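So this block is query.cif, mmCIF, C-alpha atoms:
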```
data_target
loop_
_atom_site.group_PDB
_atom_site.id
_atom_site.type_symbol
_atom_site.label_atom_id
_atom_site.label_comp_id
_atom_site.auth_asym_id
_atom_site.auth_seq_id
_atom_site.Cartn_x
_atom_site.Cartn_y
_atom_site.Cartn_z
ATOM 1 C CA MET A 9 -95.711 86.769 105.977
ATOM 2 C CA SER A 10 -96.824 84.810 102.912
ATOM 3 C CA ASP A 11 -93.168 84.100 102.031
ATOM 4 C CA HIS A 12 -92.721 82.478 105.428
ATOM 5 C CA HIS A 13 -95.873 80.418 104.931
ATOM 6 C CA ASP A 14 -94.789 79.225 101.488
ATOM 7 C CA ALA A 15 -91.309 78.349 102.707
ATOM 8 C CA ALA A 16 -92.704 76.370 105.629
ATOM 9 C CA HIS A 17 -95.101 74.551 103.307
ATOM 10 C CA ASP A 18 -92.308 73.631 100.899
ATOM 11 C CA ASP A 19 -90.193 72.255 103.754
ATOM 12 C CA VAL A 20 -92.970 69.926 104.881
ATOM 13 C CA LEU A 21 -94.030 68.758 101.424
ATOM 14 C CA PRO A 22 -91.204 69.566 99.011
ATOM 15 C CA ASP A 23 -92.454 67.378 96.143
ATOM 16 C CA ALA A 24 -96.169 67.992 96.664
ATOM 17 C CA PRO A 25 -97.892 68.964 93.438
ATOM 18 C CA HIS A 26 -99.175 72.499 93.221
ATOM 19 C CA SER A 27 -102.004 73.107 90.817
ATOM 20 C CA THR A 28 -102.783 76.246 88.925
ATOM 21 C CA PHE A 29 -106.044 77.849 87.954
ATOM 22 C CA LYS A 30 -105.528 76.452 84.453
ATOM 23 C CA GLY A 31 -105.136 72.938 85.876
ATOM 24 C CA TYR A 32 -108.323 73.196 87.914
ATOM 25 C CA MET A 33 -110.262 74.623 84.964
ATOM 26 C CA THR A 34 -109.000 71.844 82.690
ATOM 27 C CA GLY A 35 -110.166 69.267 85.223
ATOM 28 C CA PHE A 36 -113.516 71.015 85.622
ATOM 29 C CA VAL A 37 -114.158 71.191 81.870
ATOM 30 C CA LEU A 38 -113.196 67.535 81.411
ATOM 31 C CA ALA A 39 -115.480 66.536 84.309
ATOM 32 C CA VAL A 40 -118.407 68.473 82.829
ATOM 33 C CA VAL A 41 -117.868 66.959 79.372
ATOM 34 C CA LEU A 42 -117.574 63.468 80.854
ATOM 35 C CA THR A 43 -120.884 64.062 82.663
ATOM 36 C CA VAL A 44 -122.771 65.538 79.713
ATOM 37 C CA ILE A 45 -121.824 62.782 77.245
ATOM 38 C CA PRO A 46 -123.430 59.903 79.226
ATOM 39 C CA PHE A 47 -126.488 62.078 79.870
ATOM 40 C CA TRP A 48 -126.804 62.699 76.127
ATOM 41 C CA VAL A 49 -126.224 58.999 75.335
ATOM 42 C CA VAL A 50 -129.145 58.002 77.565
ATOM 43 C CA MET A 51 -131.536 60.837 76.729
ATOM 44 C CA ALA A 52 -131.026 60.628 72.938
ATOM 45 C CA ASP A 53 -131.133 56.808 72.997
ATOM 46 C CA VAL A 54 -127.974 56.723 70.887
ATOM 47 C CA PHE A 55 -127.353 52.963 71.029
ATOM 48 C CA GLU A 56 -129.956 50.293 70.355
ATOM 49 C CA SER A 57 -128.469 47.875 72.860
ATOM 50 C CA THR A 58 -128.718 48.709 76.556
ATOM 51 C CA GLY A 59 -125.538 46.692 77.114
ATOM 52 C CA VAL A 60 -123.557 48.973 74.815
ATOM 53 C CA THR A 61 -125.060 52.023 76.528
ATOM 54 C CA ALA A 62 -124.082 50.666 79.940
ATOM 55 C CA LEU A 63 -120.564 49.872 78.714
ATOM 56 C CA VAL A 64 -120.112 53.399 77.330
ATOM 57 C CA ILE A 65 -121.377 54.969 80.561
ATOM 58 C CA LEU A 66 -119.120 52.780 82.711
ATOM 59 C CA SER A 67 -116.123 53.563 80.507
ATOM 60 C CA LEU A 68 -116.728 57.298 80.731
ATOM 61 C CA ALA A 69 -117.195 56.965 84.494
ATOM 62 C CA ALA A 70 -113.789 55.278 84.781
ATOM 63 C CA VAL A 71 -112.213 58.062 82.723
ATOM 64 C CA GLN A 72 -113.883 60.644 84.955
ATOM 65 C CA ILE A 73 -112.461 58.952 88.050
ATOM 66 C CA VAL A 74 -108.982 59.239 86.550
ATOM 67 C CA VAL A 75 -109.583 62.918 85.686
ATOM 68 C CA HIS A 76 -110.625 63.659 89.267
ATOM 69 C CA MET A 77 -107.619 61.831 90.696
ATOM 70 C CA ILE A 78 -105.145 63.639 88.463
ATOM 71 C CA TYR A 79 -106.569 67.175 88.395
ATOM 72 C CA PHE A 80 -108.200 67.483 91.827
ATOM 73 C CA LEU A 81 -106.507 64.916 94.093
ATOM 74 C CA HIS A 82 -103.094 65.425 92.419
ATOM 75 C CA MET A 83 -102.322 61.709 92.487
ATOM 76 C CA ASN A 84 -99.449 60.338 90.448
ATOM 77 C CA PHE A 85 -96.770 57.674 90.738
ATOM 78 C CA ARG A 86 -94.327 60.111 92.363
ATOM 79 C CA SER A 87 -96.415 61.506 95.229
ATOM 80 C CA GLN A 88 -95.656 60.061 98.657
ATOM 81 C CA GLY A 89 -93.023 57.798 97.136
ATOM 82 C CA GLY A 90 -95.636 55.835 95.184
ATOM 83 C CA TRP A 91 -97.655 54.836 98.249
ATOM 84 C CA ASN A 92 -100.689 56.830 97.099
ATOM 85 C CA MET A 93 -100.818 54.881 93.856
ATOM 86 C CA LEU A 94 -100.273 51.573 95.636
ATOM 87 C CA ALA A 95 -103.175 52.361 97.968
ATOM 88 C CA LEU A 96 -105.305 53.314 94.971
ATOM 89 C CA ILE A 97 -104.508 50.071 93.152
ATOM 90 C CA PHE A 98 -105.342 48.054 96.270
ATOM 91 C CA THR A 99 -108.646 49.917 96.628
ATOM 92 C CA ALA A 100 -109.489 49.347 92.958
ATOM 93 C CA VAL A 101 -108.839 45.607 93.326
ATOM 94 C CA ILE A 102 -111.069 45.385 96.404
ATOM 95 C CA VAL A 103 -113.842 47.378 94.682
ATOM 96 C CA PHE A 104 -113.582 45.165 91.579
ATOM 97 C CA ILE A 105 -113.803 41.977 93.668
ATOM 98 C CA THR A 106 -116.800 43.350 95.574
ATOM 99 C CA LEU A 107 -118.660 44.475 92.450
ATOM 100 C CA ALA A 108 -117.870 41.340 90.444
ATOM 101 C CA GLY A 109 -118.888 39.116 93.343
ATOM 102 C CA SER A 110 -122.117 41.029 93.871
ATOM 103 C CA LEU A 111 -123.018 40.845 90.186
ATOM 104 C CA TRP A 112 -122.172 37.148 90.107
ATOM 105 C CA VAL A 113 -124.391 36.426 93.123
ATOM 106 C CA MET A 114 -127.275 38.527 91.760
ATOM 107 C CA TYR A 115 -127.028 36.880 88.334
ATOM 108 C CA HIS A 116 -127.104 33.376 89.781
ATOM 109 C CA LEU A 117 -129.953 34.233 92.144
ATOM 110 C CA ASN A 118 -131.907 35.592 89.181
ATOM 111 C CA VAL A 119 -131.215 32.523 87.032
ATOM 112 C CA ASN A 120 -131.956 30.021 89.786
ATOM 113 C CA MET A 121 -134.999 31.744 91.314
ATOM 114 C CA MET A 122 -136.875 33.127 88.310
ATOM 115 C CA PRO A 123 -137.610 29.916 86.323
ATOM 116 C CA GLY A 124 -140.139 28.795 88.943
ATOM 117 C CA MET A 125 -142.046 32.032 88.563
ATOM 118 C CA MET A 126 -142.296 31.667 84.790
ATOM 119 C CA GLN A 127 -144.679 28.658 84.904
ATOM 120 C CA ASP A 128 -148.109 29.028 83.347
ATOM 121 C CA PRO A 129 -150.618 28.979 86.252
ATOM 122 C CA TRP A 130 -153.462 27.756 83.986
ATOM 123 C CA GLY A 131 -151.532 25.078 82.165
#
```

Have the structure of the file written as C-alpha coordinates, please.
Amino acid sequence: MSDHHDAAHDDVLPDAPHSTFKGYMTGFVLAVVLTVIPFWVVMADVFESTGVTALVILSLAAVQIVVHMIYFLHMNFRSQGGWNMLALIFTAVIVFITLAGSLWVMYHLNVNMMPGMMQDPWG
(Lines of atoms letter the chains of each structure in order from A and count residues from 1; the text may use other names and numbers.)
(Lines give C-alpha, C1' and ligand atoms only; values in the text may rest on other atoms or scores of the structure.)
Protein backbone atom coordinates (compact mmCIF):
# COMPACT_ATOMS: atom_id res chain seq x y z
CA MET A 1 0.00 0.00 0.00
CA SER A 2 2.83 2.42 0.78
CA ASP A 3 4.36 1.74 -2.67
CA HIS A 4 1.11 2.86 -4.27
CA HIS A 5 1.05 5.99 -2.11
CA ASP A 6 4.65 6.89 -2.97
CA ALA A 7 4.08 6.31 -6.68
CA ALA A 8 0.97 8.49 -6.66
CA HIS A 9 2.84 11.22 -4.79
CA ASP A 10 5.72 11.15 -7.27
CA ASP A 11 3.30 11.45 -10.20
CA VAL A 12 1.71 14.58 -8.77
CA LEU A 13 4.93 16.27 -7.67
CA PRO A 14 7.81 14.60 -9.52
CA ASP A 15 10.42 17.27 -8.74
CA ALA A 16 9.24 18.08 -5.22
CA PRO A 17 12.10 18.03 -2.74
CA HIS A 18 12.05 15.27 -0.18
CA SER A 19 13.90 15.93 3.03
CA THR A 20 15.60 13.44 5.26
CA PHE A 21 15.95 13.25 9.00
CA LYS A 22 19.50 14.56 8.58
CA GLY A 23 18.20 17.57 6.64
CA TYR A 24 15.63 18.42 9.29
CA MET A 25 18.17 18.01 12.09
CA THR A 26 20.65 20.24 10.27
CA GLY A 27 17.98 22.91 9.91
CA PHE A 28 16.97 22.54 13.55
CA VAL A 29 20.54 22.85 14.84
CA LEU A 30 21.20 25.89 12.64
CA ALA A 31 17.94 27.50 13.84
CA VAL A 32 18.86 26.91 17.49
CA VAL A 33 22.37 28.31 17.00
CA LEU A 34 20.99 31.33 15.15
CA THR A 35 18.62 31.93 18.08
CA VAL A 36 21.17 31.46 20.85
CA ILE A 37 23.79 33.80 19.35
CA PRO A 38 21.58 36.94 19.37
CA PHE A 39 20.38 36.06 22.87
CA TRP A 40 24.00 35.83 24.03
CA VAL A 41 24.91 39.08 22.22
CA VAL A 42 22.20 40.97 24.11
CA MET A 43 22.57 39.31 27.51
CA ALA A 44 26.40 39.54 27.61
CA ASP A 45 26.35 43.10 26.23
CA VAL A 46 28.99 42.11 23.68
CA PHE A 47 29.00 45.34 21.65
CA GLU A 48 29.22 48.83 23.11
CA SER A 49 27.04 50.35 20.40
CA THR A 50 23.35 49.45 20.33
CA GLY A 51 23.39 50.07 16.57
CA VAL A 52 25.99 47.36 16.04
CA THR A 53 24.01 45.00 18.28
CA ALA A 54 20.84 45.68 16.30
CA LEU A 55 22.68 45.15 13.01
CA VAL A 56 24.09 41.81 14.18
CA ILE A 57 20.67 40.64 15.39
CA LEU A 58 18.98 41.68 12.14
CA SER A 59 21.68 39.95 10.09
CA LEU A 60 21.32 36.72 12.03
CA ALA A 61 17.54 36.97 11.69
CA ALA A 62 17.88 37.22 7.91
CA VAL A 63 20.16 34.18 7.89
CA GLN A 64 17.65 32.29 10.02
CA ILE A 65 14.87 33.13 7.56
CA VAL A 66 16.97 31.64 4.76
CA VAL A 67 17.68 28.52 6.87
CA HIS A 68 13.96 28.01 7.49
CA MET A 69 13.11 28.47 3.82
CA ILE A 70 15.73 26.00 2.64
CA TYR A 71 15.52 23.28 5.31
CA PHE A 72 11.85 23.40 6.33
CA LEU A 73 9.94 25.00 3.42
CA HIS A 74 12.19 23.34 0.80
CA MET A 75 12.30 26.47 -1.34
CA ASN A 76 14.83 26.77 -4.13
CA PHE A 77 15.05 28.20 -7.63
CA ARG A 78 13.87 24.92 -9.19
CA SER A 79 10.66 24.25 -7.24
CA GLN A 80 7.44 25.09 -9.06
CA GLY A 81 9.42 26.27 -12.06
CA GLY A 82 10.89 29.20 -10.12
CA TRP A 83 7.52 30.70 -9.18
CA ASN A 84 8.09 30.07 -5.47
CA MET A 85 11.28 32.12 -5.55
CA LEU A 86 9.65 34.86 -7.62
CA ALA A 87 6.83 35.09 -5.07
CA LEU A 88 9.39 35.20 -2.27
CA ILE A 89 11.35 38.00 -3.93
CA PHE A 90 8.15 39.99 -4.47
CA THR A 91 7.19 39.50 -0.82
CA ALA A 92 10.65 40.57 0.35
CA VAL A 93 10.44 43.76 -1.74
CA ILE A 94 7.01 44.62 -0.32
CA VAL A 95 8.20 43.93 3.25
CA PHE A 96 11.31 46.07 2.69
CA ILE A 97 9.25 48.97 1.32
CA THR A 98 6.82 48.72 4.24
CA LEU A 99 9.55 48.58 6.89
CA ALA A 100 11.69 51.29 5.31
CA GLY A 101 8.68 53.56 4.89
CA SER A 102 7.56 52.98 8.47
CA LEU A 103 11.03 53.72 9.84
CA TRP A 104 11.29 56.82 7.66
CA VAL A 105 7.93 58.14 8.89
CA MET A 106 8.74 57.37 12.55
CA TYR A 107 12.17 59.01 12.27
CA HIS A 108 10.76 62.19 10.75
CA LEU A 109 7.92 62.33 13.27
CA ASN A 110 10.47 62.00 16.06
CA VAL A 111 12.73 64.70 14.62
CA ASN A 112 9.91 67.12 13.87
CA MET A 113 7.85 66.59 17.03
CA MET A 114 10.46 66.21 19.77
CA PRO A 115 12.31 69.57 19.54
CA GLY A 116 9.29 71.41 20.97
CA MET A 117 9.29 69.16 24.01
CA MET A 118 12.96 69.83 24.73
CA GLN A 119 12.45 73.50 25.72
CA ASP A 120 13.36 74.55 29.24
CA PRO A 121 10.05 75.37 31.01
CA TRP A 122 11.78 77.72 33.50
CA GLY A 123 13.95 79.57 31.03

Residue contacts of A:Met93 (12 Å, all atoms listed in the file) excluding same-chain residues fewer than 3 positions away, as an NGL selection string: :A and (74 or 77-78 or 81-90 or 96-100)

Go ahead and dump the residues you just picked, C-alpha atoms, as a PDB file, in the frame of the given file.
```pdb
ATOM      1  CA  VAL A  74    -108.982  59.239  86.550  1.00  0.00           C
ATOM      2  CA  MET A  77    -107.619  61.831  90.696  1.00  0.00           C
ATOM      3  CA  ILE A  78    -105.145  63.639  88.463  1.00  0.00           C
ATOM      4  CA  LEU A  81    -106.507  64.916  94.093  1.00  0.00           C
ATOM      5  CA  HIS A  82    -103.094  65.425  92.419  1.00  0.00           C
ATOM      6  CA  MET A  83    -102.322  61.709  92.487  1.00  0.00           C
ATOM      7  CA  ASN A  84     -99.449  60.338  90.448  1.00  0.00           C
ATOM      8  CA  PHE A  85     -96.770  57.674  90.738  1.00  0.00           C
ATOM      9  CA  ARG A  86     -94.327  60.111  92.363  1.00  0.00           C
ATOM     10  CA  SER A  87     -96.415  61.506  95.229  1.00  0.00           C
ATOM     11  CA  GLN A  88     -95.656  60.061  98.657  1.00  0.00           C
ATOM     12  CA  GLY A  89     -93.023  57.798  97.136  1.00  0.00           C
ATOM     13  CA  GLY A  90     -95.636  55.835  95.184  1.00  0.00           C
ATOM     14  CA  LEU A  96    -105.305  53.314  94.971  1.00  0.00           C
ATOM     15  CA  ILE A  97    -104.508  50.071  93.152  1.00  0.00           C
ATOM     16  CA  PHE A  98    -105.342  48.054  96.270  1.00  0.00           C
ATOM     17  CA  THR A  99    -108.646  49.917  96.628  1.00  0.00           C
ATOM     18  CA  ALA A 100    -109.489  49.347  92.958  1.00  0.00           C
TER      19      ALA A 100
END
```

Shell around stretch 64-71 of chain A at 7 Å using only C-alpha atoms, local window under 3 positions removed, as a list in words: Leu42, Pro46, Val60, Thr61, Val74 and Val75 of chain A

Nearest candidate to A:Leu63 (options A:Val41, A:Trp112, A:Val49, A:Thr28; using all atoms listed in the file): A:Val49

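Picture a line from atom CA of A:Ala108 to atom CA of A:Leu94; it runs 21.0 Å.
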
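Atom CA of A:Gln72 lies 13.7 Å from atom CA of A:Phe47.
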
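Atom pair atom CA of A:Tyr32 / atom CA of A:His76 has a distance of 9.9 Å (rounded to one decimal).
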
Write out N, CA, C and O atoms for stretch 92-117 of chain A, as a PDB file, keeping the file's coordinate frame.
```pdb
ATOM      1  N   ASN A  92     -99.322  56.439  97.475  1.00  0.00           N
ATOM      2  CA  ASN A  92    -100.689  56.830  97.099  1.00  0.00           C
ATOM      3  C   ASN A  92    -101.205  55.940  95.979  1.00  0.00           C
ATOM      4  O   ASN A  92    -102.351  55.474  96.011  1.00  0.00           O
ATOM      5  N   MET A  93    -100.384  55.704  94.980  1.00  0.00           N
ATOM      6  CA  MET A  93    -100.818  54.881  93.856  1.00  0.00           C
ATOM      7  C   MET A  93    -100.989  53.431  94.276  1.00  0.00           C
ATOM      8  O   MET A  93    -101.920  52.758  93.826  1.00  0.00           O
ATOM      9  N   LEU A  94    -100.128  52.941  95.148  1.00  0.00           N
ATOM     10  CA  LEU A  94    -100.273  51.573  95.636  1.00  0.00           C
ATOM     11  C   LEU A  94    -101.581  51.416  96.412  1.00  0.00           C
ATOM     12  O   LEU A  94    -102.295  50.423  96.237  1.00  0.00           O
ATOM     13  N   ALA A  95    -101.911  52.397  97.234  1.00  0.00           N
ATOM     14  CA  ALA A  95    -103.175  52.361  97.968  1.00  0.00           C
ATOM     15  C   ALA A  95    -104.361  52.427  97.015  1.00  0.00           C
ATOM     16  O   ALA A  95    -105.378  51.743  97.210  1.00  0.00           O
ATOM     17  N   LEU A  96    -104.241  53.216  95.963  1.00  0.00           N
ATOM     18  CA  LEU A  96    -105.305  53.314  94.971  1.00  0.00           C
ATOM     19  C   LEU A  96    -105.494  51.992  94.234  1.00  0.00           C
ATOM     20  O   LEU A  96    -106.630  51.539  94.032  1.00  0.00           O
ATOM     21  N   ILE A  97    -104.416  51.357  93.852  1.00  0.00           N
ATOM     22  CA  ILE A  97    -104.508  50.071  93.152  1.00  0.00           C
ATOM     23  C   ILE A  97    -105.150  49.022  94.063  1.00  0.00           C
ATOM     24  O   ILE A  97    -106.015  48.248  93.633  1.00  0.00           O
ATOM     25  N   PHE A  98    -104.748  48.991  95.315  1.00  0.00           N
ATOM     26  CA  PHE A  98    -105.342  48.054  96.270  1.00  0.00           C
ATOM     27  C   PHE A  98    -106.841  48.309  96.414  1.00  0.00           C
ATOM     28  O   PHE A  98    -107.647  47.371  96.399  1.00  0.00           O
ATOM     29  N   THR A  99    -107.229  49.569  96.514  1.00  0.00           N
ATOM     30  CA  THR A  99    -108.646  49.917  96.628  1.00  0.00           C
ATOM     31  C   THR A  99    -109.410  49.504  95.377  1.00  0.00           C
ATOM     32  O   THR A  99    -110.516  48.962  95.469  1.00  0.00           O
ATOM     33  N   ALA A 100    -108.833  49.731  94.211  1.00  0.00           N
ATOM     34  CA  ALA A 100    -109.489  49.347  92.958  1.00  0.00           C
ATOM     35  C   ALA A 100    -109.686  47.837  92.888  1.00  0.00           C
ATOM     36  O   ALA A 100    -110.742  47.367  92.443  1.00  0.00           O
ATOM     37  N   VAL A 101    -108.707  47.065  93.334  1.00  0.00           N
ATOM     38  CA  VAL A 101    -108.839  45.607  93.326  1.00  0.00           C
ATOM     39  C   VAL A 101    -109.957  45.161  94.263  1.00  0.00           C
ATOM     40  O   VAL A 101    -110.790  44.316  93.906  1.00  0.00           O
ATOM     41  N   ILE A 102    -110.016  45.737  95.441  1.00  0.00           N
ATOM     42  CA  ILE A 102    -111.069  45.385  96.404  1.00  0.00           C
ATOM     43  C   ILE A 102    -112.445  45.767  95.857  1.00  0.00           C
ATOM     44  O   ILE A 102    -113.402  44.987  95.956  1.00  0.00           O
ATOM     45  N   VAL A 103    -112.562  46.953  95.262  1.00  0.00           N
ATOM     46  CA  VAL A 103    -113.842  47.378  94.682  1.00  0.00           C
ATOM     47  C   VAL A 103    -114.238  46.451  93.539  1.00  0.00           C
ATOM     48  O   VAL A 103    -115.401  46.041  93.430  1.00  0.00           O
ATOM     49  N   PHE A 104    -113.289  46.077  92.683  1.00  0.00           N
ATOM     50  CA  PHE A 104    -113.582  45.165  91.579  1.00  0.00           C
ATOM     51  C   PHE A 104    -114.070  43.813  92.100  1.00  0.00           C
ATOM     52  O   PHE A 104    -115.054  43.270  91.594  1.00  0.00           O
ATOM     53  N   ILE A 105    -113.391  43.265  93.101  1.00  0.00           N
ATOM     54  CA  ILE A 105    -113.803  41.977  93.668  1.00  0.00           C
ATOM     55  C   ILE A 105    -115.204  42.080  94.260  1.00  0.00           C
ATOM     56  O   ILE A 105    -116.046  41.193  94.058  1.00  0.00           O
ATOM     57  N   THR A 106    -115.478  43.161  94.972  1.00  0.00           N
ATOM     58  CA  THR A 106    -116.800  43.350  95.574  1.00  0.00           C
ATOM     59  C   THR A 106    -117.884  43.471  94.516  1.00  0.00           C
ATOM     60  O   THR A 106    -118.935  42.819  94.610  1.00  0.00           O
ATOM     61  N   LEU A 107    -117.657  44.300  93.497  1.00  0.00           N
ATOM     62  CA  LEU A 107    -118.660  44.475  92.450  1.00  0.00           C
ATOM     63  C   LEU A 107    -118.848  43.204  91.627  1.00  0.00           C
ATOM     64  O   LEU A 107    -119.984  42.802  91.346  1.00  0.00           O
ATOM     65  N   ALA A 108    -117.758  42.566  91.236  1.00  0.00           N
ATOM     66  CA  ALA A 108    -117.870  41.340  90.444  1.00  0.00           C
ATOM     67  C   ALA A 108    -118.566  40.248  91.241  1.00  0.00           C
ATOM     68  O   ALA A 108    -119.436  39.535  90.710  1.00  0.00           O
ATOM     69  N   GLY A 109    -118.228  40.116  92.500  1.00  0.00           N
ATOM     70  CA  GLY A 109    -118.888  39.116  93.343  1.00  0.00           C
ATOM     71  C   GLY A 109    -120.365  39.403  93.526  1.00  0.00           C
ATOM     72  O   GLY A 109    -121.195  38.495  93.479  1.00  0.00           O
ATOM     73  N   SER A 110    -120.707  40.659  93.715  1.00  0.00           N
ATOM     74  CA  SER A 110    -122.117  41.029  93.871  1.00  0.00           C
ATOM     75  C   SER A 110    -122.908  40.747  92.606  1.00  0.00           C
ATOM     76  O   SER A 110    -124.018  40.202  92.655  1.00  0.00           O
ATOM     77  N   LEU A 111    -122.340  41.122  91.453  1.00  0.00           N
ATOM     78  CA  LEU A 111    -123.018  40.845  90.186  1.00  0.00           C
ATOM     79  C   LEU A 111    -123.152  39.347  89.937  1.00  0.00           C
ATOM     80  O   LEU A 111    -124.181  38.879  89.448  1.00  0.00           O
ATOM     81  N   TRP A 112    -122.124  38.596  90.270  1.00  0.00           N
ATOM     82  CA  TRP A 112    -122.172  37.148  90.107  1.00  0.00           C
ATOM     83  C   TRP A 112    -123.274  36.538  90.967  1.00  0.00           C
ATOM     84  O   TRP A 112    -124.071  35.721  90.487  1.00  0.00           O
ATOM     85  N   VAL A 113    -123.356  36.941  92.226  1.00  0.00           N
ATOM     86  CA  VAL A 113    -124.391  36.426  93.123  1.00  0.00           C
ATOM     87  C   VAL A 113    -125.781  36.825  92.625  1.00  0.00           C
ATOM     88  O   VAL A 113    -126.695  35.998  92.573  1.00  0.00           O
ATOM     89  N   MET A 114    -125.955  38.091  92.235  1.00  0.00           N
ATOM     90  CA  MET A 114    -127.275  38.527  91.760  1.00  0.00           C
ATOM     91  C   MET A 114    -127.667  37.804  90.476  1.00  0.00           C
ATOM     92  O   MET A 114    -128.836  37.425  90.306  1.00  0.00           O
ATOM     93  N   TYR A 115    -126.723  37.591  89.579  1.00  0.00           N
ATOM     94  CA  TYR A 115    -127.028  36.880  88.334  1.00  0.00           C
ATOM     95  C   TYR A 115    -127.493  35.456  88.633  1.00  0.00           C
ATOM     96  O   TYR A 115    -128.511  35.000  88.115  1.00  0.00           O
ATOM     97  N   HIS A 116    -126.748  34.755  89.488  1.00  0.00           N
ATOM     98  CA  HIS A 116    -127.104  33.376  89.781  1.00  0.00           C
ATOM     99  C   HIS A 116    -128.395  33.272  90.589  1.00  0.00           C
ATOM    100  O   HIS A 116    -129.155  32.314  90.410  1.00  0.00           O
ATOM    101  N   LEU A 117    -128.662  34.228  91.454  1.00  0.00           N
ATOM    102  CA  LEU A 117    -129.953  34.233  92.144  1.00  0.00           C
ATOM    103  C   LEU A 117    -131.083  34.442  91.138  1.00  0.00           C
ATOM    104  O   LEU A 117    -132.128  33.792  91.223  1.00  0.00           O
TER     105      LEU A 117
END
```
